[in-house]
Amino acid sequence: MSTRNTLTSARHIVVEGPIGVGKTSLARRLGAHLEAQLLLEQPEINPFLSRFYEDQQRFALPTRLSFLFERIDKLRELPQADCFNRPVVADFLLEKDPLFALLTLADDEYALYRKIYALVSPQASTPDLVIYLQARPDTLIARVRKRGLEMERRIDDAYLTVLAESYMRFFHHYDAAPVMVVNSENINFVDSDDDFQLLVTRIEAMRGHREYFNRGE
């Protein structure tokens, strides 16, 4: 990766990872640090999400389509790559959206979802940098339980485990953009300025297409 793709020169940055890993919190901090435009998901406005956690089989398809359309609407806010007046930091990668669909939909529903996805997905610009946050499934489960959001109270532990594993497989093969893989187990980039600055420094030093940051205990 050339120097033009370091954190300060990237124009489109995506922070990704499973539920509870801290992607939105990191996106907000990076956005403030870079004075960037934020593109953040709003799961609380999905009218089907709470019902999905109660009855996945019944509400999986409308939940997934609602998220898909919301993400597409967000991406329409992106200016053309050569017209970015300031960087953009997002907490979602549209290409990852089918991952959730594959996990939650029946075969016929998934086939329908893929047809809709192909018809409505925009030709979104490829990010200059993706920051993929990892954590062990038990860590994710503990974090989700600790934050105690009402809509997440019924999330099954097994679902979070399968989701974390699916993210790992997805990003193992993802090569459309440079990726910094960050183990978030032992770094508190939300509450610690020192930890956040350490992460920024490591990202700034990226030179390869894929690098790893795993801070030991």
# chains A, B, ... in the order shown; residues from 1 in each chain; ligands from 1
$ residues_around --residues "segment 119-122 of chain A" --least-positions-apart "3" --cutoff "10 Å" --atoms "only C-alpha atoms" --output "list in words"
Leu68, Phe69, Arg71, Ile72, Asp73, Leu75, Arg76, Leu94, Glu95, Tyr113, Arg114, Lys115, Ile116 and Ser125 of chain A
$ residues_around --residues "Pro47 of chain A" --least-positions-apart "6" --cutoff "12 Å" --atoms "only C-alpha atoms" --output "list in words"
Tyr53, Phe59, Ala60, Pro62, Thr63, Arg64, Leu65, Ser66, Phe67, Glu70 and Met151 of chain A
$ write_last_selection --atoms "N, CA and C atoms" --output "mmCIF file, in the first residue's frame"
data_model
loop_
_atom_site.group_PDB
_atom_site.id
_atom_site.type_symbol
_atom_site.label_atom_id
_atom_site.label_comp_id
_atom_site.auth_asym_id
_atom_site.auth_seq_id
_atom_site.Cartn_x
_atom_site.Cartn_y
_atom_site.Cartn_z
ATOM 1 N N TYR A 53 -35.184 -10.263 16.435
ATOM 2 C CA TYR A 53 -34.525 -10.925 17.558
ATOM 3 C C TYR A 53 -35.487 -11.820 18.336
ATOM 4 N N PHE A 59 -39.107 -12.785 10.589
ATOM 5 C CA PHE A 59 -38.805 -11.387 10.284
ATOM 6 C C PHE A 59 -37.427 -11.174 9.656
ATOM 7 N N ALA A 60 -36.740 -12.242 9.296
ATOM 8 C CA ALA A 60 -35.394 -12.090 8.734
ATOM 9 C C ALA A 60 -35.402 -11.308 7.421
ATOM 10 N N PRO A 62 -37.693 -9.098 5.904
ATOM 11 C CA PRO A 62 -37.929 -7.647 5.962
ATOM 12 C C PRO A 62 -36.847 -6.902 6.727
ATOM 13 N N THR A 63 -36.242 -7.545 7.723
ATOM 14 C CA THR A 63 -35.154 -6.902 8.454
ATOM 15 C C THR A 63 -33.961 -6.658 7.551
ATOM 16 N N ARG A 64 -33.597 -7.678 6.778
ATOM 17 C CA ARG A 64 -32.446 -7.565 5.890
ATOM 18 C C ARG A 64 -32.691 -6.538 4.793
ATOM 19 N N LEU A 65 -33.893 -6.531 4.217
ATOM 20 C CA LEU A 65 -34.193 -5.569 3.159
ATOM 21 C C LEU A 65 -34.226 -4.147 3.697
ATOM 22 N N SER A 66 -34.730 -3.987 4.911
ATOM 23 C CA SER A 66 -34.752 -2.657 5.516
ATOM 24 C C SER A 66 -33.330 -2.135 5.721
ATOM 25 N N PHE A 67 -32.437 -2.992 6.203
ATOM 26 C CA PHE A 67 -31.036 -2.593 6.350
ATOM 27 C C PHE A 67 -30.404 -2.285 4.992
ATOM 28 N N GLU A 70 -31.559 1.079 3.771
ATOM 29 C CA GLU A 70 -30.987 2.162 4.575
ATOM 30 C C GLU A 70 -29.530 2.402 4.178
ATOM 31 N N MET A 151 -33.326 -3.578 22.285
ATOM 32 C CA MET A 151 -33.532 -4.390 21.090
ATOM 33 C C MET A 151 -32.557 -5.563 21.003
#
$ residues_around --residues "segment 132-136 of chain A" --least-positions-apart "6" --cutoff "8 Å" --atoms "only C-alpha atoms" --output "PDB file with N, CA and C atoms, in the first residue's frame"
ATOM      1  N   VAL A  15     -15.031   1.347   8.876  1.00  0.00           N
ATOM      2  CA  VAL A  15     -14.757   0.559  10.073  1.00  0.00           C
ATOM      3  C   VAL A  15     -15.808  -0.539  10.133  1.00  0.00           C
ATOM      4  N   GLU A  16     -15.365  -1.782  10.216  1.00  0.00           N
ATOM      5  CA  GLU A  16     -16.295  -2.909  10.194  1.00  0.00           C
ATOM      6  C   GLU A  16     -15.998  -3.896  11.318  1.00  0.00           C
ATOM      7  N   GLY A  17     -16.966  -4.758  11.569  1.00  0.00           N
ATOM      8  CA  GLY A  17     -16.828  -5.788  12.581  1.00  0.00           C
ATOM      9  C   GLY A  17     -18.201  -6.184  13.094  1.00  0.00           C
ATOM     10  N   PRO A  18     -18.278  -7.289  13.811  1.00  0.00           N
ATOM     11  CA  PRO A  18     -19.564  -7.792  14.294  1.00  0.00           C
ATOM     12  C   PRO A  18     -20.157  -6.957  15.424  1.00  0.00           C
ATOM     13  N   VAL A  21     -18.360  -5.063  18.789  1.00  0.00           N
ATOM     14  CA  VAL A  21     -16.909  -4.945  18.684  1.00  0.00           C
ATOM     15  C   VAL A  21     -16.437  -3.498  18.778  1.00  0.00           C
ATOM     16  N   GLY A  22     -17.344  -2.543  18.632  1.00  0.00           N
ATOM     17  CA  GLY A  22     -16.987  -1.131  18.789  1.00  0.00           C
ATOM     18  C   GLY A  22     -16.785  -0.372  17.504  1.00  0.00           C
ATOM     19  N   LYS A  23     -17.337  -0.867  16.399  1.00  0.00           N
ATOM     20  CA  LYS A  23     -17.072  -0.220  15.109  1.00  0.00           C
ATOM     21  C   LYS A  23     -17.653   1.189  15.023  1.00  0.00           C
ATOM     22  N   ALA A 164     -19.642 -13.739  14.339  1.00  0.00           N
ATOM     23  CA  ALA A 164     -18.214 -13.419  14.451  1.00  0.00           C
ATOM     24  C   ALA A 164     -17.388 -14.311  13.533  1.00  0.00           C
ATOM     25  N   MET A 168     -15.023 -13.291  10.116  1.00  0.00           N
ATOM     26  CA  MET A 168     -13.642 -13.719   9.923  1.00  0.00           C
ATOM     27  C   MET A 168     -13.449 -14.327   8.543  1.00  0.00           C
ATOM     28  N   PHE A 171     -13.656 -11.483   5.745  1.00  0.00           N
ATOM     29  CA  PHE A 171     -12.493 -10.614   5.610  1.00  0.00           C
ATOM     30  C   PHE A 171     -11.210 -11.391   5.332  1.00  0.00           C
ATOM     31  N   VAL A 179      -6.707  -3.472   4.108  1.00  0.00           N
ATOM     32  CA  VAL A 179      -7.396  -3.830   5.352  1.00  0.00           C
ATOM     33  C   VAL A 179      -6.407  -3.831   6.509  1.00  0.00           C
ATOM     34  N   MET A 180      -6.755  -3.123   7.584  1.00  0.00           N
ATOM     35  CA  MET A 180      -6.055  -3.248   8.850  1.00  0.00           C
ATOM     36  C   MET A 180      -6.933  -4.086   9.768  1.00  0.00           C
ATOM     37  N   VAL A 181      -6.460  -5.263  10.129  1.00  0.00           N
ATOM     38  CA  VAL A 181      -7.192  -6.164  11.018  1.00  0.00           C
ATOM     39  C   VAL A 181      -6.753  -5.861  12.444  1.00  0.00           C
ATOM     40  N   VAL A 182      -7.697  -5.467  13.292  1.00  0.00           N
ATOM     41  CA  VAL A 182      -7.381  -5.032  14.650  1.00  0.00           C
ATOM     42  C   VAL A 182      -8.043  -5.967  15.650  1.00  0.00           C
ATOM     43  N   ASN A 183      -7.249  -6.600  16.484  1.00  0.00           N
ATOM     44  CA  ASN A 183      -7.783  -7.364  17.611  1.00  0.00           C
ATOM     45  C   ASN A 183      -8.140  -6.367  18.708  1.00  0.00           C
ATOM     46  N   SER A 184      -9.426  -6.251  18.994  1.00  0.00           N
ATOM     47  CA  SER A 184      -9.887  -5.217  19.927  1.00  0.00           C
ATOM     48  C   SER A 184      -9.947  -5.690  21.372  1.00  0.00           C
ATOM     49  N   GLU A 185      -9.416  -6.882  21.640  1.00  0.00           N
ATOM     50  CA  GLU A 185      -9.519  -7.453  22.985  1.00  0.00           C
ATOM     51  C   GLU A 185      -8.820  -6.593  24.032  1.00  0.00           C
TER      52      GLU A 185
END
$ closest_residue --among "A:Arg147, A:Leu93, A:Thr8, A:Gln56" --to "Leu40 of chain A" --atoms "only C-alpha atoms"
A:Leu93
$ select_by_dssp --residues "segment 27-207 of chain A" --states "alpha helix (DSSP H)" --output "ChimeraX atom specification"
/A:27-34,49-54,56-75,97-104,107-120,137-147,157-173,193-204
$ residues_around --residues "Leu30 of chain A" --least-positions-apart "2" --cutoff "10 Å" --atoms "only C-alpha atoms" --output "list of chain:residue names"
A:Leu7, A:Ile13, A:Val15, A:Thr24, A:Ser25, A:Leu26, A:Ala27, A:Arg28, A:Ala32, A:His33, A:Leu34, A:Glu35, A:Ala36, A:Leu38, A:Val88, A:Val89, A:Ala90, A:Phe189, A:Phe196, A:Val200
$ write_last_selection --atoms "C-alpha atoms" --output "PDB file, in the first residue's frame"
ATOM      1  CA  LEU A   7      -5.148   7.214   7.463  1.00  0.00           C
ATOM      2  CA  ILE A  13     -12.574   4.853   5.351  1.00  0.00           C
ATOM      3  CA  VAL A  15     -14.757   0.559  10.073  1.00  0.00           C
ATOM      4  CA  THR A  24     -19.453   2.723  15.462  1.00  0.00           C
ATOM      5  CA  SER A  25     -17.558   4.090  18.465  1.00  0.00           C
ATOM      6  CA  LEU A  26     -14.271   3.924  16.562  1.00  0.00           C
ATOM      7  CA  ALA A  27     -15.873   5.454  13.469  1.00  0.00           C
ATOM      8  CA  ARG A  28     -17.046   8.402  15.565  1.00  0.00           C
ATOM      9  CA  ALA A  32     -13.723  13.651  14.922  1.00  0.00           C
ATOM     10  CA  HIS A  33      -9.962  13.097  14.583  1.00  0.00           C
ATOM     11  CA  LEU A  34     -10.041  13.568  10.797  1.00  0.00           C
ATOM     12  CA  GLU A  35     -12.868  16.145  10.720  1.00  0.00           C
ATOM     13  CA  ALA A  36     -14.641  13.709   8.421  1.00  0.00           C
ATOM     14  CA  LEU A  38     -19.789  10.321   9.044  1.00  0.00           C
ATOM     15  CA  VAL A  88     -15.732  10.066   4.814  1.00  0.00           C
ATOM     16  CA  VAL A  89     -15.800   7.537   7.636  1.00  0.00           C
ATOM     17  CA  ALA A  90     -18.506   4.849   7.550  1.00  0.00           C
ATOM     18  CA  PHE A 189      -9.901   3.113  21.731  1.00  0.00           C
ATOM     19  CA  PHE A 196      -6.736   5.546  20.361  1.00  0.00           C
ATOM     20  CA  VAL A 200      -3.956   5.758  14.770  1.00  0.00           C
TER      21      VAL A 200
END
$ closest_residue --among "A:Asp138, A:Asp175, A:Asp107, A:Asp128" --to "Val162 of chain A" --atoms "only C-alpha atoms"
A:Asp138
$ closest_residue --among "A:Tyr174, A:Arg210, A:Glu44, A:Leu78" --to "Gln123 of chain A" --atoms "only C-alpha atoms"
A:Leu78
$ residues_around --residues "Leu103 of chain A" --least-positions-apart "6" --cutoff "12 Å" --atoms "only C-alpha atoms" --output "PyMOL selection string"
chain A and resi 56-57+60-61+64+96-97+109-110+158-167
$ atom_distance --atom1 "atom CA of Gln37 of chain A" --atom2 "atom CA of Pro87 of chain A"
6.2 Å
$ closest_residue --among "A:Ile19, A:Ile45, A:Glu211, A:Arg11" --to "Asp157 of chain A" --atoms "only C-alpha atoms"
A:Ile19
$ closest_residue --among "A:Ala111, A:Leu129, A:Leu199, A:Ile155" --to "Ile141 of chain A" --atoms "only C-alpha atoms"
A:Ile155
$ closest_residue --among "A:Leu149, A:Ala101, A:Ile203, A:Ala106" --to "Arg58 of chain A" --atoms "only C-alpha atoms"
A:Ala106
$ atom_distance --atom1 "atom CA of Tyr212 of chain A" --atom2 "atom CA of Asn186 of chain A"
13.8 Å
$ select_by_dssp --residues "segment 19-212 of chain A" --states "strand (DSSP E)" --output "list in words"
Gln37, Leu38, Leu39, Val88, Val89, Ala90, Leu129, Val130, Ile131, Tyr132, Leu133, Gln134, Val179, Met180, Val181, Val182, Asn183, Arg210, Glu211 and Tyr212 of chain A
$ write_last_selection --atoms "N, CA and C atoms" --output "PDB file, in the first residue's frame"
ATOM      1  N   GLN A  37     -16.752  13.502   7.311  1.00  0.00           N
ATOM      2  CA  GLN A  37     -18.187  13.253   7.219  1.00  0.00           C
ATOM      3  C   GLN A  37     -18.440  11.826   7.697  1.00  0.00           C
ATOM      4  N   LEU A  38     -19.460  11.639   8.523  1.00  0.00           N
ATOM      5  CA  LEU A  38     -19.789  10.321   9.044  1.00  0.00           C
ATOM      6  C   LEU A  38     -20.965   9.719   8.293  1.00  0.00           C
ATOM      7  N   LEU A  39     -20.840   8.449   7.939  1.00  0.00           N
ATOM      8  CA  LEU A  39     -21.955   7.670   7.414  1.00  0.00           C
ATOM      9  C   LEU A  39     -22.170   6.515   8.381  1.00  0.00           C
ATOM     10  N   VAL A  88     -14.490  10.695   4.377  1.00  0.00           N
ATOM     11  CA  VAL A  88     -15.732  10.066   4.814  1.00  0.00           C
ATOM     12  C   VAL A  88     -15.374   8.841   5.638  1.00  0.00           C
ATOM     13  N   VAL A  89     -15.979   8.716   6.799  1.00  0.00           N
ATOM     14  CA  VAL A  89     -15.800   7.537   7.636  1.00  0.00           C
ATOM     15  C   VAL A  89     -17.162   6.875   7.820  1.00  0.00           C
ATOM     16  N   ALA A  90     -17.252   5.599   7.450  1.00  0.00           N
ATOM     17  CA  ALA A  90     -18.506   4.849   7.550  1.00  0.00           C
ATOM     18  C   ALA A  90     -18.324   3.661   8.490  1.00  0.00           C
ATOM     19  N   LEU A 129      -9.530   2.495   2.644  1.00  0.00           N
ATOM     20  CA  LEU A 129      -9.040   1.754   3.799  1.00  0.00           C
ATOM     21  C   LEU A 129     -10.209   1.134   4.537  1.00  0.00           C
ATOM     22  N   VAL A 130     -10.066  -0.124   4.914  1.00  0.00           N
ATOM     23  CA  VAL A 130     -11.040  -0.805   5.772  1.00  0.00           C
ATOM     24  C   VAL A 130     -10.343  -1.199   7.063  1.00  0.00           C
ATOM     25  N   ILE A 131     -10.936  -0.833   8.183  1.00  0.00           N
ATOM     26  CA  ILE A 131     -10.431  -1.237   9.497  1.00  0.00           C
ATOM     27  C   ILE A 131     -11.395  -2.287  10.029  1.00  0.00           C
ATOM     28  N   TYR A 132     -10.941  -3.517  10.097  1.00  0.00           N
ATOM     29  CA  TYR A 132     -11.783  -4.634  10.527  1.00  0.00           C
ATOM     30  C   TYR A 132     -11.449  -4.957  11.977  1.00  0.00           C
ATOM     31  N   LEU A 133     -12.417  -4.780  12.870  1.00  0.00           N
ATOM     32  CA  LEU A 133     -12.249  -5.036  14.290  1.00  0.00           C
ATOM     33  C   LEU A 133     -12.680  -6.454  14.630  1.00  0.00           C
ATOM     34  N   GLN A 134     -11.818  -7.166  15.332  1.00  0.00           N
ATOM     35  CA  GLN A 134     -12.102  -8.534  15.758  1.00  0.00           C
ATOM     36  C   GLN A 134     -12.208  -8.613  17.275  1.00  0.00           C
ATOM     37  N   VAL A 179      -6.707  -3.472   4.108  1.00  0.00           N
ATOM     38  CA  VAL A 179      -7.396  -3.830   5.352  1.00  0.00           C
ATOM     39  C   VAL A 179      -6.407  -3.831   6.509  1.00  0.00           C
ATOM     40  N   MET A 180      -6.755  -3.123   7.584  1.00  0.00           N
ATOM     41  CA  MET A 180      -6.055  -3.248   8.850  1.00  0.00           C
ATOM     42  C   MET A 180      -6.933  -4.086   9.768  1.00  0.00           C
ATOM     43  N   VAL A 181      -6.460  -5.263  10.129  1.00  0.00           N
ATOM     44  CA  VAL A 181      -7.192  -6.164  11.018  1.00  0.00           C
ATOM     45  C   VAL A 181      -6.753  -5.861  12.444  1.00  0.00           C
ATOM     46  N   VAL A 182      -7.697  -5.467  13.292  1.00  0.00           N
ATOM     47  CA  VAL A 182      -7.381  -5.032  14.650  1.00  0.00           C
ATOM     48  C   VAL A 182      -8.043  -5.967  15.650  1.00  0.00           C
ATOM     49  N   ASN A 183      -7.249  -6.600  16.484  1.00  0.00           N
ATOM     50  CA  ASN A 183      -7.783  -7.364  17.611  1.00  0.00           C
ATOM     51  C   ASN A 183      -8.140  -6.367  18.708  1.00  0.00           C
ATOM     52  N   ARG A 210      -2.591  -5.656   3.508  1.00  0.00           N
ATOM     53  CA  ARG A 210      -3.263  -6.229   4.669  1.00  0.00           C
ATOM     54  C   ARG A 210      -2.260  -6.301   5.815  1.00  0.00           C
ATOM     55  N   GLU A 211      -2.630  -5.674   6.924  1.00  0.00           N
ATOM     56  CA  GLU A 211      -1.766  -5.706   8.106  1.00  0.00           C
ATOM     57  C   GLU A 211      -2.602  -6.014   9.338  1.00  0.00           C
ATOM     58  N   TYR A 212      -1.899  -6.393  10.409  1.00  0.00           N
ATOM     59  CA  TYR A 212      -2.558  -6.860  11.621  1.00  0.00           C
ATOM     60  C   TYR A 212      -2.028  -6.093  12.827  1.00  0.00           C
TER      61      TYR A 212
END
$ atom_distance --atom1 "atom CA of Glu152 of chain A" --atom2 "atom CA of Ser50 of chain A"
7.5 Å
